[in-house]
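Participant: Dropping the structure in here first, questions after.
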Amino acid sequence: MIRPSPQTDELDRGYWGRVIRWNGWDNARNALGILRRQKANAELGSRQEPLIKLIAEIAGLSTEVFAQQHTTLPLRRGITSYQTDLQHGAAENTDMLWTTSMRVSRPGAYFCPDCVITDIDRQGYSYWRRTLQIPGLYQCSHHRSGLHYVDTSAAFDQDSEFYLKSGIQIPSHLCTAAQVNPAIQRYLTLAQAFLLRSEPLAVRPIALQLKNCAKEFGLQCNPGKVKQALLSDLVIAKFGREWLHAVVPKLAVKPEGEWFNPIDGVLYCQTNSSNTVAYLIAASALFETFDQAMFALENNSEAELMVSHRKSVNISKNELIKRYAATGGDYRATAEHFPQINDFVVRQRLQTLGLPNFSGRSHLNLQQAAIAFYLEEKSLIESAMVFGVPLQQLESLVRNAGCGFAKVLAIMAQDGERRYFNKTQQNLPTVCLG
Ligand SMILES: [Zn+2]
């Protein structure tokens, strides 16, 4: 059997299509039958396995890693009230592996024609990128060119180059409008960051965070007779009905002043009544920067939310910076050095100082990209590409970094051995990461 290696960010369905074609199988159904028979012959009495597990085995990856790197599950299951302790693709989450693990994140199949051409030059075939399937994404962040799409997800069965001529181009006025809209850009950056997460976030603390912020806007946080301004109307004002039409169609036609549960409900529901995209849209409407929004979503300790976030506490700035640098820019670890002060207050001070949070696995790459940009003087695009960080995420970090951030970063990387960029540049990818 031919077992091709999946490409970086290659979408599950596209990879499966490639496996089927390269092995000369007729269609997905027959291919699945062949795989199951092979498995049954090799492992006597083996139980039937979900498709994602069989495909991950062909790719030479664990089901978890395949789910985290090649499906849109990290976005679709990014915020949940169910089994939040389980990583995406975990074997214990059997129902999910059988049912939703390989679902599409938006109708149709999206590709960047420039990526297709680069792919063919580089490796002789093109592949479908997972990042380009984010709902509401109109442009390839690498080529800045408008995406094309095919209106059926069955298109993933073929290489994307097959649709170079027949794919429908997203009208350029929509691309331009999305490009200059800060709320849409914040949402897209959040969605890309969620695709890189290995586990979901719990919905309950997020609902509380969003509610705290919504109260400051004077928004109505409970259903019933509408007496105050609504989050759904704020979203319409910030995102525009035209863009929303493709992402939350019913919101795009909602009359002003009418409660719209999939969006307004994110402020009070403690279980998932809405999908992750709705939470990301809400956070992007309520917060002014990507960092503030991500901070609110990731700040998952309910205890922290119980204290007033207006409370002012005296923390020595130098002491705070020293601790921050010593922990490698980890908010949580920094806060542990100030046991007498609420975690939440420490985090807010760090944010006000323009020092980004580098805690968590997905943030290591971001830190390396920041070092490449600030200390190695590489370009923003190069730094983002080499460390696999969405360009918008790095741009947002740079935009929100305080003027002393580069100095603090230098302290963090002071021994000179952590010249990440030089260590890795021989592996510099020459193709678009989508
Ligand atoms: Zn591209």
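Convention: chains lettered A, B, ... in structure tokens order; per-chain residue numbering from 1; ligands numbered from 1 as shown.
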Hey, which residues sit close to ligand 1? Say within 10 Å, counting only C-alpha atoms and all ligand atoms, and write them as a list in words.

Facilitator: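 The residues near ligand 1 are Phe111, Cys112, Pro113, Asp114, Cys115, Val116, Ile117, Thr118, Asp119, Arg129, Leu132, Gln139, Cys140, Ser141, His142, His143, Arg144, Ser145, Gly146, Leu147, Val431, Cys432, Leu433 and Gly434 of chain A.
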
Participant: Could you pull out the helix (DSSP H, G or I) residues of region 145-360 of chain A, going by DSSP on the backbone, and write them as a ChimeraX atom specification?

Facilitator: /A:153-157,160-163,172-179,182-195,203-216,231-239,241-247,249-252,261-267,276-286,290-298,302-306,317-326,331-336,343-352

Participant: Within 9 Å of Leu320 (chain A), counting only C-alpha atoms, which residues show up once you throw out same-chain ones fewer than 2 positions away? Write them as a list in words, please.

Facilitator: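 Counting only C-alpha atoms, the residues come to Ile315, Ser316, Lys317, Asn318, Lys322, Arg323, Tyr324, Ala325, Thr334, Ala335, His337, Phe338, Val346, Arg349 and Leu350 of chain A.
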
Participant: Using the selection just defined, write its residues with C-alpha atoms as a CSV table (one decimal), in the first residue's frame.

Facilitator:
chain,number,residue,atom,x,y,z
A,315,ILE,CA,2.9,45.6,42.3
A,316,SER,CA,6.4,46.8,41.7
A,317,LYS,CA,6.9,47.0,37.9
A,318,ASN,CA,10.5,46.0,38.0
A,322,LYS,CA,11.9,40.3,36.5
A,323,ARG,CA,9.6,37.5,37.4
A,324,TYR,CA,8.0,37.5,33.9
A,325,ALA,CA,11.4,37.2,32.2
A,334,THR,CA,4.6,34.7,37.0
A,335,ALA,CA,1.4,35.1,39.0
A,337,HIS,CA,5.4,34.5,42.5
A,338,PHE,CA,2.8,36.9,43.9
A,346,VAL,CA,-1.2,40.1,37.9
A,349,ARG,CA,-0.8,44.2,34.8
A,350,LEU,CA,1.4,42.2,32.5

Participant: Write out as a list in words each polymer residue whose atoms come within 8 Å of region 237-241 of chain A, counting only C-alpha atoms; drop sequence neighbours fewer than 6 positions from it.

Facilitator: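 Near neighbours after the sequence-gap exclusion: Asn181, Ala183, Ile184, Leu251, Ala252, Val253 and Ala285 of chain A.
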
Participant: For region 218-222 of chain A, list every protein, DNA or RNA residue within 8 Å, evaluated using only C-alpha atoms, and leave out those in the same chain fewer than 2 positions away; present the list as a list in words.

Facilitator: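 Within the cut-off, the hits are Lys211, Ala214, Lys215, Glu216, Gly224, Val226, Lys227, Gln228, Ala229, Leu230, Leu231, Asp264, Gly265, Leu267 and Tyr268 of chain A.
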
Participant: Could you dump the residues just selected with N, CA and C atoms as a PDB file, in the first residue's frame?

Facilitator:
ATOM      1  N   LYS A 211     -19.465  37.811  29.710  1.00  0.00           N
ATOM      2  CA  LYS A 211     -20.557  38.511  30.381  1.00  0.00           C
ATOM      3  C   LYS A 211     -20.015  39.743  31.128  1.00  0.00           C
ATOM      4  N   ALA A 214     -19.400  42.312  28.580  1.00  0.00           N
ATOM      5  CA  ALA A 214     -20.654  42.795  27.985  1.00  0.00           C
ATOM      6  C   ALA A 214     -21.372  43.766  28.923  1.00  0.00           C
ATOM      7  N   LYS A 215     -21.250  43.517  30.228  1.00  0.00           N
ATOM      8  CA  LYS A 215     -21.893  44.403  31.202  1.00  0.00           C
ATOM      9  C   LYS A 215     -21.319  45.811  31.102  1.00  0.00           C
ATOM     10  N   GLU A 216     -20.002  45.881  30.856  1.00  0.00           N
ATOM     11  CA  GLU A 216     -19.380  47.199  30.721  1.00  0.00           C
ATOM     12  C   GLU A 216     -19.916  47.956  29.503  1.00  0.00           C
ATOM     13  N   GLY A 224     -35.316  37.050  27.464  1.00  0.00           N
ATOM     14  CA  GLY A 224     -36.533  37.684  27.978  1.00  0.00           C
ATOM     15  C   GLY A 224     -36.765  38.968  27.208  1.00  0.00           C
ATOM     16  N   VAL A 226     -36.473  42.362  25.639  1.00  0.00           N
ATOM     17  CA  VAL A 226     -35.247  43.115  25.338  1.00  0.00           C
ATOM     18  C   VAL A 226     -35.374  44.545  25.868  1.00  0.00           C
ATOM     19  N   LYS A 227     -34.500  44.863  26.836  1.00  0.00           N
ATOM     20  CA  LYS A 227     -34.551  46.200  27.446  1.00  0.00           C
ATOM     21  C   LYS A 227     -33.259  46.976  27.216  1.00  0.00           C
ATOM     22  N   GLN A 228     -32.202  46.232  26.879  1.00  0.00           N
ATOM     23  CA  GLN A 228     -30.898  46.891  26.703  1.00  0.00           C
ATOM     24  C   GLN A 228     -30.363  46.572  25.300  1.00  0.00           C
ATOM     25  N   ALA A 229     -29.221  47.170  24.994  1.00  0.00           N
ATOM     26  CA  ALA A 229     -28.591  46.861  23.692  1.00  0.00           C
ATOM     27  C   ALA A 229     -28.170  45.395  23.684  1.00  0.00           C
ATOM     28  N   LEU A 230     -28.109  44.820  22.495  1.00  0.00           N
ATOM     29  CA  LEU A 230     -27.815  43.386  22.382  1.00  0.00           C
ATOM     30  C   LEU A 230     -26.433  43.147  21.774  1.00  0.00           C
ATOM     31  N   LEU A 231     -25.792  42.073  22.257  1.00  0.00           N
ATOM     32  CA  LEU A 231     -24.506  41.666  21.682  1.00  0.00           C
ATOM     33  C   LEU A 231     -24.662  41.373  20.190  1.00  0.00           C
ATOM     34  N   ASP A 264     -26.371  36.031  21.322  1.00  0.00           N
ATOM     35  CA  ASP A 264     -26.671  36.640  22.631  1.00  0.00           C
ATOM     36  C   ASP A 264     -26.589  35.592  23.747  1.00  0.00           C
ATOM     37  N   GLY A 265     -26.891  34.343  23.391  1.00  0.00           N
ATOM     38  CA  GLY A 265     -26.891  33.264  24.384  1.00  0.00           C
ATOM     39  C   GLY A 265     -25.512  32.928  24.925  1.00  0.00           C
ATOM     40  N   LEU A 267     -23.581  34.727  26.366  1.00  0.00           N
ATOM     41  CA  LEU A 267     -23.333  35.485  27.596  1.00  0.00           C
ATOM     42  C   LEU A 267     -23.925  34.825  28.836  1.00  0.00           C
ATOM     43  N   TYR A 268     -24.856  33.921  28.665  1.00  0.00           N
ATOM     44  CA  TYR A 268     -25.436  33.341  29.881  1.00  0.00           C
ATOM     45  C   TYR A 268     -25.462  31.813  29.894  1.00  0.00           C
TER      46      TYR A 268
END

Participant: Using only C-alpha atoms, which residues sit within 7 Å of Val266 (chain A) once same-chain residues fewer than 5 positions away are excluded, as a count of residues only?

Facilitator: 3

Participant: Can you list every residue in region 103-192 of chain A that DSSP puts in strand (DSSP E), as a ChimeraX atom specification?

Facilitator: /A:109-111,148-150,168-169

Participant: Save the residues we just selected, C-alpha atoms, as an mmCIF file, in the first residue's frame?

Facilitator:
data_model
loop_
_atom_site.group_PDB
_atom_site.id
_atom_site.type_symbol
_atom_site.label_atom_id
_atom_site.label_comp_id
_atom_site.auth_asym_id
_atom_site.auth_seq_id
_atom_site.Cartn_x
_atom_site.Cartn_y
_atom_site.Cartn_z
ATOM 1 C CA ALA A 109 -13.958 23.410 -0.403
ATOM 2 C CA TYR A 110 -11.599 26.421 -0.394
ATOM 3 C CA PHE A 111 -8.160 26.851 -1.953
ATOM 4 C CA HIS A 148 -11.430 30.235 -4.757
ATOM 5 C CA TYR A 149 -14.000 27.611 -3.809
ATOM 6 C CA VAL A 150 -15.974 24.659 -5.080
ATOM 7 C CA ILE A 168 -15.421 30.188 -8.062
ATOM 8 C CA GLN A 169 -13.467 33.267 -7.023
#

Participant: Given only C-alpha atoms as the basis, pick out the residue of A:Val408, A:Leu54, A:Leu234, A:Leu201 nearest to Leu297 (chain A).

Facilitator: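 Looking only at the distances to Leu297 (chain A), the closest residue turns out to be A:Leu201.
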
Participant: Check the smallest atom-to-atom distance from each of A:Leu51, A:Ile79, A:Ala67, A:Leu355 to Thr99 (chain A) using only C-alpha atoms, then report the winner.

Facilitator: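 When distances to Thr99 (chain A) are compared using only C-alpha atoms, the smallest one comes from A:Leu51.
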
Participant: How many Å separate CA of Ile34 (chain A) from CA of Asp9 (chain A)?

Facilitator: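 These two atoms are separated by 26.6 Å.
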
Participant: Measuring atom to atom with only C-alpha atoms, identify which of A:Glu377, A:Asp330, A:Asp151, A:Asp343 is nearest to His363 (chain A).

Facilitator: A:Asp330

Participant: Counting only C-alpha atoms, what is within 10 Å of Glu10 (chain A), bar same-chain residues fewer than 5 positions away, as a compact mmCIF listing (two decimals) with C-alpha atoms, in the first residue's frame?

Facilitator:
# COMPACT_ATOMS: atom_id res chain seq x y z
CA SER A 5 3.24 11.59 4.24
CA TYR A 15 -5.29 13.58 2.44
CA GLN A 69 -2.79 18.71 12.95
CA HIS A 70 -5.05 17.72 10.08
CA THR A 71 -8.73 18.02 11.04
CA SER A 126 -1.28 20.39 -4.76
CA TYR A 127 -3.09 19.71 -1.51
CA TRP A 128 -6.02 21.13 0.48
CA ARG A 129 -5.09 23.32 3.41
CA ARG A 130 -6.95 23.06 6.69
CA THR A 131 -6.42 26.72 7.60
CA LEU A 433 1.97 27.45 4.72
CA GLY A 434 -1.48 28.63 3.78

Participant: Separation of CA of Ser105 (chain A) and CA of Arg399 (chain A), in Å?

Facilitator: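 Taking CA of Ser105 (chain A) and CA of Arg399 (chain A), their separation equals 29.3 Å.
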
Participant: To one decimal place in Å, what is the distance between CA of Tyr138 (chain A) and CA of Leu190 (chain A)?

Facilitator: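 Computed distance, CA of Tyr138 (chain A) to CA of Leu190 (chain A), equals 15.2 Å.
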